[in-house]
Every structure is written in structure tokens, then in C-alpha cells.
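As stored in my_file27.cif (mmCIF, C-alpha atoms):
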```cif
data_coords
#
loop_
_atom_site.label_atom_id
_atom_site.label_comp_id
_atom_site.auth_asym_id
_atom_site.auth_seq_id
_atom_site.Cartn_x
_atom_site.Cartn_y
_atom_site.Cartn_z
CA MET A 1 97.28 107.27 115.17
CA PRO A 2 94.81 107.09 112.24
CA ALA A 3 94.36 103.71 110.54
CA GLN A 4 96.13 104.82 107.39
CA GLY A 5 99.19 106.08 109.28
CA ILE A 6 100.79 109.48 108.88
CA THR A 7 99.06 110.80 105.76
CA SER A 8 101.78 113.24 104.76
CA ASN A 9 101.19 113.16 101.02
CA THR A 10 98.60 115.96 100.97
CA THR A 11 100.89 118.91 100.35
CA MET A 12 103.24 116.61 98.42
CA ALA A 13 100.46 116.18 95.85
CA LEU A 14 99.93 119.94 95.79
CA VAL A 15 103.63 120.50 95.05
CA ALA A 16 103.53 117.72 92.46
CA GLY A 17 100.75 119.69 90.74
CA ALA A 18 102.30 123.12 91.15
CA VAL A 19 105.72 122.18 89.75
CA PRO A 20 104.61 121.13 86.22
CA LEU A 21 102.37 124.19 85.94
CA LEU A 22 105.14 126.53 87.09
CA ILE A 23 107.66 124.88 84.75
CA LEU A 24 105.25 125.66 81.93
CA VAL A 25 105.24 129.37 82.81
CA PHE A 26 109.01 129.32 83.41
CA ALA A 27 109.59 127.82 79.95
CA ARG A 28 107.72 130.79 78.47
CA VAL A 29 109.50 133.34 80.62
CA VAL A 30 113.00 132.20 79.67
CA GLN A 31 112.20 132.50 75.96
CA ARG A 32 111.50 136.20 76.30
CA PRO A 33 114.22 138.36 74.76
CA GLY A 34 115.86 140.69 77.27
CA ARG A 35 114.27 138.92 80.20
CA ALA A 36 115.21 139.73 83.77
CA THR A 37 117.16 137.39 86.04
CA ILE A 38 115.73 133.94 86.69
CA GLU A 39 117.23 133.70 90.16
CA GLY A 40 113.83 134.08 91.82
CA TRP A 41 112.48 131.23 89.72
CA ALA A 42 115.46 129.08 90.62
CA TRP A 43 115.06 129.62 94.36
CA MET A 44 111.32 128.98 94.11
CA PHE A 45 111.94 125.65 92.34
CA GLY A 46 114.61 124.91 94.93
CA ALA A 47 112.10 125.40 97.73
CA LEU A 48 109.53 123.12 96.08
CA GLY A 49 112.22 120.56 95.30
CA LEU A 50 113.38 120.61 98.90
CA TYR A 51 109.84 119.98 100.10
CA LEU A 52 109.41 116.98 97.80
CA PHE A 53 112.89 115.66 98.52
CA VAL A 54 112.55 115.77 102.31
CA THR A 55 109.03 114.36 102.49
CA GLY A 56 109.69 111.84 99.73
CA THR A 57 112.85 110.62 101.47
CA HIS A 58 110.98 110.30 104.76
CA MET A 59 108.20 108.36 103.06
CA THR A 60 110.62 106.12 101.16
CA LEU A 61 112.73 105.21 104.17
CA THR A 62 110.15 105.00 106.97
CA TRP A 63 106.90 103.95 105.23
CA PRO A 64 104.58 106.16 107.33
CA LEU A 65 101.46 105.19 105.32
CA GLN A 66 99.81 102.04 106.68
CA HIS A 67 97.54 99.46 105.11
CA VAL A 68 93.82 100.24 105.54
CA ASP A 69 91.55 97.25 106.11
CA GLY A 70 88.86 96.93 103.47
CA ALA A 71 90.76 98.93 100.88
CA SER A 72 92.60 97.21 98.06
CA HIS A 73 96.29 98.15 97.90
CA CYS A 74 95.86 101.15 100.18
CA CYS A 75 97.84 102.76 101.55
CA ALA A 76 101.19 101.12 102.37
CA VAL A 77 102.11 100.74 98.70
CA ASP A 78 101.75 104.51 98.27
CA ASN A 79 105.02 104.78 100.18
CA ILE A 80 106.65 103.37 97.03
CA THR A 81 104.54 104.91 94.32
CA PHE A 82 104.39 108.37 95.87
CA GLY A 83 107.45 108.56 98.11
CA GLU A 84 110.10 107.38 95.67
CA PRO A 85 109.17 109.60 92.70
CA ALA A 86 108.82 112.55 95.09
CA MET A 87 112.31 111.90 96.43
CA TYR A 88 113.81 111.43 92.95
CA PHE A 89 112.20 114.42 91.23
CA GLY A 90 112.56 116.52 94.38
CA ALA A 91 116.33 115.94 94.36
CA LEU A 92 116.55 116.78 90.66
CA LEU A 93 114.48 119.90 91.12
CA LEU A 94 116.47 121.04 94.14
CA PHE A 95 119.89 120.59 92.57
CA GLY A 96 118.70 121.77 89.15
CA ALA A 97 117.47 124.98 90.74
CA PHE A 98 120.81 125.56 92.47
CA ALA A 99 122.63 124.88 89.19
CA LEU A 100 120.47 127.43 87.34
CA ALA A 101 120.98 130.15 89.95
CA ARG A 102 124.70 129.52 90.25
CA ALA A 103 125.33 129.23 86.50
CA GLU A 104 123.41 132.40 85.69
CA ARG A 105 125.35 134.44 88.21
CA ALA A 106 128.75 132.96 87.26
CA LEU A 107 128.28 133.35 83.51
CA LEU A 108 126.79 136.84 83.61
CA ASP A 109 129.65 137.99 85.89
CA ARG A 110 132.06 136.94 83.13
CA GLY A 111 129.96 138.50 80.39
CA ILE A 112 129.10 135.13 78.87
CA PRO A 113 125.50 134.61 77.65
CA PHE A 114 123.53 132.31 79.93
CA ASP A 115 122.02 129.28 78.18
CA VAL A 116 119.21 127.91 80.35
CA VAL A 117 118.79 124.78 78.22
CA ALA A 118 122.47 123.82 78.49
CA VAL A 119 122.31 124.00 82.28
CA ALA A 120 118.93 122.31 82.67
CA ARG A 121 119.35 119.54 80.09
CA PRO A 122 121.38 117.09 82.24
CA PHE A 123 118.65 117.28 84.87
CA LEU A 124 116.01 116.77 82.17
CA TYR A 125 117.83 113.65 80.95
CA ALA A 126 117.83 112.29 84.49
CA GLY A 127 114.15 113.25 84.78
CA ALA A 128 113.40 111.23 81.63
CA PHE A 129 114.60 108.06 83.39
CA GLY A 130 112.27 108.91 86.26
CA GLY A 131 109.49 109.36 83.69
CA LEU A 132 109.94 105.76 82.57
CA GLY A 133 109.46 104.72 86.19
CA LEU A 134 106.23 106.73 86.33
CA PHE A 135 104.90 104.85 83.29
CA MET A 136 105.54 101.58 85.11
CA ILE A 137 103.83 102.86 88.26
CA ALA A 138 100.75 103.74 86.16
CA VAL A 139 100.68 100.30 84.55
CA SER A 140 101.37 98.31 87.72
CA GLY A 141 98.93 100.39 89.74
CA LEU A 142 96.14 99.48 87.34
CA GLN A 143 97.24 95.85 87.17
CA PHE A 144 97.43 95.30 90.93
CA GLY A 145 94.31 97.24 91.89
CA MET A 146 95.81 100.37 93.39
CA TRP A 147 94.04 103.70 93.89
CA ARG A 148 90.72 102.19 94.91
CA PRO A 149 89.69 104.50 97.72
CA PRO A 150 88.30 103.16 100.99
CA PRO A 151 84.56 104.02 101.20
CA GLN A 152 85.12 105.90 104.47
CA GLU A 153 87.46 108.46 102.86
CA PRO A 154 85.57 111.71 102.11
CA ILE A 155 85.28 112.73 98.41
CA ALA A 156 87.41 109.80 97.20
CA GLY A 157 84.82 107.51 98.75
CA LEU A 158 82.24 108.93 96.33
CA LEU A 159 84.15 107.12 93.58
CA ALA A 160 84.51 103.84 95.50
CA GLY A 161 83.62 100.91 93.29
CA THR A 162 83.36 102.94 90.08
CA GLY A 163 86.89 102.34 88.81
CA LEU A 164 87.27 106.02 87.97
CA GLU A 165 89.94 106.87 90.54
CA PRO A 166 92.42 104.21 89.36
CA ILE A 167 92.11 105.54 85.80
CA TYR A 168 92.44 109.15 87.01
CA ILE A 169 95.58 108.51 89.07
CA ALA A 170 97.12 106.31 86.36
CA CYS A 171 96.58 109.19 83.91
CA ALA A 172 98.24 111.59 86.38
CA TYR A 173 101.30 109.33 86.54
CA GLY A 174 101.22 108.69 82.79
CA PHE A 175 101.06 112.37 81.77
CA THR A 176 103.75 113.27 84.32
CA GLY A 177 105.92 110.53 82.85
CA LEU A 178 105.24 111.71 79.30
CA ALA A 179 106.22 115.26 80.26
CA ALA A 180 109.43 114.02 81.91
CA VAL A 181 110.39 111.80 78.97
CA THR A 182 109.74 114.43 76.27
CA ALA A 183 111.14 117.48 78.12
CA PRO A 184 114.86 116.92 77.25
CA PHE A 185 114.02 116.83 73.54
CA ALA A 186 111.57 119.74 73.54
CA PRO A 187 114.08 122.51 72.70
CA GLU A 188 114.89 120.96 69.30
CA GLY A 189 111.46 119.79 68.15
CA ARG A 190 108.27 121.79 67.80
CA VAL A 191 105.98 118.78 67.97
CA VAL A 192 107.84 117.29 70.94
CA ALA A 193 107.73 120.67 72.67
CA ARG A 194 103.96 120.79 72.24
CA ILE A 195 103.57 117.25 73.57
CA ALA A 196 105.74 118.16 76.57
CA ALA A 197 103.81 121.40 77.19
CA VAL A 198 100.39 119.74 76.98
CA SER A 199 101.58 116.86 79.18
CA LEU A 200 102.93 119.28 81.77
CA PHE A 201 99.64 121.16 81.85
CA VAL A 202 97.44 118.07 82.04
CA ALA A 203 99.66 116.41 84.66
CA GLY A 204 99.76 119.58 86.74
CA MET A 205 95.99 119.97 86.61
CA LEU A 206 95.36 116.32 87.50
CA TRP A 207 97.69 116.44 90.53
CA LEU A 208 96.40 119.83 91.60
CA PHE A 209 92.78 118.70 91.61
CA VAL A 210 93.50 115.51 93.51
CA ALA A 211 95.62 117.47 96.01
CA LEU A 212 92.80 119.92 96.68
CA THR A 213 90.34 117.08 97.23
CA VAL A 214 92.67 115.25 99.63
CA TYR A 215 93.04 118.35 101.80
CA TYR A 216 89.37 117.82 102.55
CA GLY A 217 89.48 114.04 102.38
CA HIS A 218 92.52 113.42 104.54
CA ILE A 219 91.31 115.75 107.26
CA GLY A 220 87.95 113.99 107.31
CA PHE A 221 89.67 110.60 107.11
CA THR A 222 91.87 111.21 110.11
CA ASP A 223 90.24 109.74 113.16
CA VAL A 224 92.71 110.64 115.90
CA MET B 225 90.96 135.91 80.87
CA ALA B 226 91.31 137.25 84.42
CA LYS B 227 87.65 138.27 84.32
CA PHE B 228 86.78 134.80 83.08
CA ALA B 229 88.69 133.31 86.03
CA LEU B 230 86.84 135.60 88.42
CA GLY B 231 83.55 134.54 86.86
CA VAL B 232 84.49 130.89 87.28
CA ILE B 233 85.26 131.49 90.96
CA VAL B 234 81.97 133.28 91.64
CA PHE B 235 79.81 130.85 89.66
CA GLY B 236 81.64 127.79 91.01
CA SER B 237 81.39 129.00 94.60
CA VAL B 238 77.62 129.34 94.27
CA VAL B 239 77.31 125.89 92.70
CA ALA B 240 79.55 124.40 95.43
CA ALA B 241 77.51 126.07 98.18
CA VAL B 242 74.24 124.80 96.71
CA ALA B 243 75.64 121.28 96.27
CA TRP B 244 77.00 121.39 99.83
CA ALA B 245 73.60 122.33 101.25
CA VAL B 246 71.31 120.29 99.01
CA PHE B 247 73.28 117.09 98.31
CA SER B 248 76.29 116.52 100.54
CA ALA B 249 79.31 118.25 102.01
CA GLU B 250 81.57 115.88 100.07
CA LEU B 251 80.08 116.86 96.72
CA GLY B 252 80.34 120.55 97.63
CA ALA B 253 83.99 120.13 98.62
CA ALA B 254 84.71 118.20 95.41
CA ILE B 255 83.17 121.00 93.32
CA LEU B 256 85.13 123.59 95.29
CA SER B 257 88.36 121.65 94.63
CA GLY B 258 87.57 121.45 90.92
CA LEU B 259 86.77 125.15 90.87
CA PHE B 260 90.13 126.07 92.39
CA ALA B 261 91.99 123.74 90.03
CA VAL B 262 90.24 125.11 86.93
CA THR B 263 90.86 128.69 88.05
CA ALA B 264 94.55 127.93 88.62
CA GLY B 265 94.74 126.33 85.19
CA VAL B 266 93.15 129.34 83.50
CA LEU B 267 95.53 131.71 85.29
CA ILE B 268 98.56 129.56 84.39
CA ILE B 269 97.58 129.71 80.71
CA ARG B 270 97.11 133.46 81.06
CA GLN B 271 100.55 133.92 82.61
CA ALA B 272 102.16 131.76 79.92
CA ILE B 273 100.52 133.82 77.17
CA LEU B 274 101.53 137.09 78.84
CA ALA B 275 105.14 135.90 79.21
CA GLU B 276 105.30 135.13 75.49
CA ARG B 277 103.83 138.48 74.45
CA ALA B 278 106.01 140.66 76.66
#
```

Go ahead and render the structure in this file as C-alpha cells.
Amino acid sequence: MPAQGITSNTTMALVAGAVPLLILVFARVVQRPGRATIEGWAWMFGALGLYLFVTGTHMTLTWPLQHVDGASHCCAVDNITFGEPAMYFGALLLFGAFALARAERALLDRGIPFDVVAVARPFLYAGAFGGLGLFMIAVSGLQFGMWRPPPQEPIAGLLAGTGLEPIYIACAYGFTGLAAVTAPFAPEGRVVARIAAVSLFVAGMLWLFVALTVYYGHIGFTDV
Amino acid sequence: MAKFALGVIVFGSVVAAVAWAVFSAELGAAILSGLFAVTAGVLIIRQAILAERA
């Protein structure tokens, strides 16, 4: 068993990066007049939501990540800061995706126009509460010295002692939270919609980059 | 924009390979990760623009 425990958050971070970026494209696609069915999109989001929900639930309930000696607040606390949001947003994404697929089919069968916003908005409201939690994770992570990589972790270790990684990860949580909080109000406000879109893009890029680096880093870090 | 993304991949791969050989494997891998992320970002923007136009 490696010192840091079962480091299962590698692909979780990749999904956390892919989802905001794909939501951005989806938001454009659904605005297109005469668009085709969104069922494929819904099932794709369902698959990503299932991944986050299952792994996030496992992380939340079993705490597979262990404390690493010599590293401040790493990595047991990541079971909270990574596992719980993954479980929460994964559940919302999974059930939201099912709701979209089911509602589209049911309404179109009856000849009623399908309103994506009306179906998605309750999930967006719930996501906004999760966004507030992400803000608090960003703040508390900075306050209590999280996200300071152990020097022995490849790539992340390059930043050890610089203070850059805590700021980077706090920004990833902060932008994800901003996207989640503004998303329910985006359909009615142009400015809010732009803030939500930019936040989604920045959050997705930040998570995607860190996920790609940890594919390398976690493999190198695992001394089994 | 697709050509731009292709250019980023080619240029970034060369830079990553040089950094890998000259400086360290970690720096090369970090550049490679950044390259993939930037390329994905460019292609996401492209898809979003295409979806709006269609």
C-alpha cells in the first residue's frame, strides 16, 4: 500500500474538469433552433455523474487517502474536500441527466415543447448550494495549509514550498463554486450568463490541467 | 482554429520532448499536461462557436 493510501482521485479530477467544459458546449447546443435530440448528451452526463457519485461516495465513507508524513494537510483531508463535492455534484449530474432524457422523451411524445431550462433548473438550484460549499473549501484550504504537495510527488513536487499550488487549487474550487452559484440565474441575465460561462471554462481548464499532471504524478508517487 | 490546435500540439510536443531530455522528466510531463489542457480548451471553444453558428 502506498503511503498516501488508495489515490483514486486521478480520474475524478479529469471528470471534474471535463464536466464544466462539456456543460459549456451543451449550453450552446441546446440554444440552437431545430436542434436534434439531447438524449446522447443526457446519457453522457449520466455516465460522468455516475463515475463521480460512486468514487466520491467511496471516498467520503471509507477515507482511502491517508496522511503523508512531511506534507502539510495531505492527503487524508482530501477525502472531505474532494470526496464530498464529487459525491454531491455526481448525484446531481446523474439524476439531472436522467431527468433530461426522460422529460424530453415524455414531452415530445405528447407534442409538448421541451424546455431544457425548466427541467435542469431545480438541479442547478441544488448545485448552487454545493457551490457555496466549494467557496468554503477554497477559503479553509488556504487557511489551514492544504494543497502543499509533498516534495517526493512528481510534478507537484516542483512547486513544493512556492505557495503556488494552494492558490491554484483554491482558484479551481473558487471558479467551480462561482459557476455553480451563477448557473441557475444565467438564463435570465446576460451578464450572469457570461460570468457563469467564463467560470465554467476556467474551472474546467484548471481541473483538467491538474488531472493530467496527477496521472503522471500519482503513478510516480505510488511506491507499491 | 482546428489548425491552430494542431499547431499547438506539434509545437508543444517538441518543447515537452526537449524539456524532458534537457531539464527533467517532470518538467517535460508538466509541459505535456499543459499542452493537452490548452488543446482541449481551444477545441471546446471551437465546438461552442460551431454549435452557436449552426

Contact check, chain A to chain B, at most 12 Å, counting only C-alpha atoms, closest pairs as CSV:
```
residue,atom,partner,partner_atom,distance
A:Leu14,CA,B:Ala261,CA,10.5
A:Gly17,CA,B:Ala261,CA,9.7
A:Ala18,CA,B:Ala264,CA,9.5
A:Val19,CA,B:Ile268,CA,11.6
A:Pro20,CA,B:Ile268,CA,10.5
A:Leu21,CA,B:Ile268,CA,6.8
A:Leu22,CA,B:Ile268,CA,7.7
A:Ile23,CA,B:Ala272,CA,10.0
A:Leu24,CA,B:Ala272,CA,7.1
A:Val25,CA,B:Ala272,CA,4.9
A:Phe26,CA,B:Ala272,CA,8.1
A:Ala27,CA,B:Ala272,CA,8.4
A:Arg28,CA,B:Ala275,CA,5.8
A:Val29,CA,B:Ala275,CA,5.2
A:Val30,CA,B:Ala275,CA,8.7
A:Gln31,CA,B:Glu276,CA,7.4
A:Arg32,CA,B:Glu276,CA,6.3
A:Pro33,CA,B:Ala278,CA,8.7
A:Gly34,CA,B:Ala278,CA,9.9
A:Arg35,CA,B:Ala278,CA,9.2
A:Ala36,CA,B:Ala278,CA,11.7
A:Gln152,CA,B:Glu250,CA,11.5
A:Glu153,CA,B:Glu250,CA,9.9
A:Pro154,CA,B:Glu250,CA,6.1
A:Ile155,CA,B:Glu250,CA,5.1
A:Ala156,CA,B:Glu250,CA,8.9
A:Gly157,CA,B:Glu250,CA,9.1
A:Leu158,CA,B:Glu250,CA,7.9
A:Leu159,CA,B:Leu251,CA,11.0
A:Ala197,CA,B:Ala272,CA,10.8
A:Val198,CA,B:Ile269,CA,11.0
A:Leu200,CA,B:Gly265,CA,11.3
A:Phe201,CA,B:Gly265,CA,7.9
A:Val202,CA,B:Gly265,CA,9.2
A:Ala203,CA,B:Gly265,CA,11.1
A:Gly204,CA,B:Gly265,CA,8.6
A:Met205,CA,B:Ala261,CA,6.5
A:Leu206,CA,B:Ala261,CA,8.5
A:Trp207,CA,B:Ala261,CA,9.3
A:Leu208,CA,B:Ala261,CA,6.1
A:Phe209,CA,B:Ala261,CA,5.3
A:Val210,CA,B:Ser257,CA,8.1
A:Ala211,CA,B:Ser257,CA,8.5
A:Leu212,CA,B:Ser257,CA,5.2
A:Thr213,CA,B:Ser257,CA,5.6
A:Val214,CA,B:Ser257,CA,9.2
A:Tyr215,CA,B:Ser257,CA,9.2
A:Tyr216,CA,B:Ala253,CA,7.1
A:Gly217,CA,B:Glu250,CA,8.4
A:Gly220,CA,B:Glu250,CA,9.8
A:Phe221,CA,B:Glu250,CA,12.0
```

The selected residues should be written to file as a CSV table (one decimal), in the coordinates of the input (atoms: C-alpha atoms).
```csv
chain,number,residue,atom,x,y,z
A,14,LEU,CA,99.9,119.9,95.8
A,17,GLY,CA,100.8,119.7,90.7
A,18,ALA,CA,102.3,123.1,91.2
A,19,VAL,CA,105.7,122.2,89.8
A,20,PRO,CA,104.6,121.1,86.2
A,21,LEU,CA,102.4,124.2,85.9
A,22,LEU,CA,105.1,126.5,87.1
A,23,ILE,CA,107.7,124.9,84.8
A,24,LEU,CA,105.2,125.7,81.9
A,25,VAL,CA,105.2,129.4,82.8
A,26,PHE,CA,109.0,129.3,83.4
A,27,ALA,CA,109.6,127.8,80.0
A,28,ARG,CA,107.7,130.8,78.5
A,29,VAL,CA,109.5,133.3,80.6
A,30,VAL,CA,113.0,132.2,79.7
A,31,GLN,CA,112.2,132.5,76.0
A,32,ARG,CA,111.5,136.2,76.3
A,33,PRO,CA,114.2,138.4,74.8
A,34,GLY,CA,115.9,140.7,77.3
A,35,ARG,CA,114.3,138.9,80.2
A,36,ALA,CA,115.2,139.7,83.8
A,152,GLN,CA,85.1,105.9,104.5
A,153,GLU,CA,87.5,108.5,102.9
A,154,PRO,CA,85.6,111.7,102.1
A,155,ILE,CA,85.3,112.7,98.4
A,156,ALA,CA,87.4,109.8,97.2
A,157,GLY,CA,84.8,107.5,98.8
A,158,LEU,CA,82.2,108.9,96.3
A,159,LEU,CA,84.2,107.1,93.6
A,197,ALA,CA,103.8,121.4,77.2
A,198,VAL,CA,100.4,119.7,77.0
A,200,LEU,CA,102.9,119.3,81.8
A,201,PHE,CA,99.6,121.2,81.8
A,202,VAL,CA,97.4,118.1,82.0
A,203,ALA,CA,99.7,116.4,84.7
A,204,GLY,CA,99.8,119.6,86.7
A,205,MET,CA,96.0,120.0,86.6
A,206,LEU,CA,95.4,116.3,87.5
A,207,TRP,CA,97.7,116.4,90.5
A,208,LEU,CA,96.4,119.8,91.6
A,209,PHE,CA,92.8,118.7,91.6
A,210,VAL,CA,93.5,115.5,93.5
A,211,ALA,CA,95.6,117.5,96.0
A,212,LEU,CA,92.8,119.9,96.7
A,213,THR,CA,90.3,117.1,97.2
A,214,VAL,CA,92.7,115.2,99.6
A,215,TYR,CA,93.0,118.4,101.8
A,216,TYR,CA,89.4,117.8,102.6
A,217,GLY,CA,89.5,114.0,102.4
A,220,GLY,CA,88.0,114.0,107.3
A,221,PHE,CA,89.7,110.6,107.1
```

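Considering all atoms listed in the file, the residue among A:Thr55, A:Gln143, A:Gln66, A:Thr37 positioned nearest to Met12 in chain A is A:Thr55.
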
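All protein, DNA and RNA residues at most 9 Å from (91.9, 136.4, 79.9) are Met225, Ala226, Lys227, Phe228, Ala229, Val266, Leu267, Ile269 and Arg270 of chain B, using all atoms listed in the file.
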
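Interatomic distance, CA of Phe144 in chain A against CA of Phe175 in chain A: 19.7 Å.
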
Quiz prompt | Picked residues, the PyMOL selection byres ((chain A and resi 168-170) around 9), expected as JSON, numbers by chain | solution = {"A": [135, 137, 138, 139, 141, 142, 147, 163, 164, 165, 166, 167, 171, 172, 173, 174, 175, 206, 207, 210]}

Practice problem: Run the PyMOL selection byres ((chain A and resi 76) around 9) against the file shown and list the residues it catches, as a ChimeraX atom specification. | Solution: /A:4-5,63-68,73-75,77-80

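CA of Gly127 in chain A sits 7.3 Å away from CA of Leu92 in chain A.
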
Quiz item: Which value, in Å to one decimal, gives the distance between CA of Pro184 in chain A and CA of Val54 in chain A?
Solution: 25.2 Å

Exercise. Expand the PyMOL selection byres ((chain A and resi 118) around 12) into the individual residues it matches in the shown file, reporting them as a list in words.
Key: Gly96, Ala99, Leu100, Ala103, Glu104, Pro113, Phe114, Asp115, Val116, Val117, Val119, Ala120, Arg121, Pro122, Phe123, Leu124, Tyr125, Pro184 and Pro187 of chain A

Find the smallest box with edges along x, y and z containing every listed atom of range 250-262 of chain B, then add 6 Å on each side and report centre and edge lengths in Å to one decimal, as JSON.
```
{"center_x": 86.0, "center_y": 121.0, "center_z": 93.5, "size_x": 23.9, "size_y": 22.2, "size_z": 25.1}
```
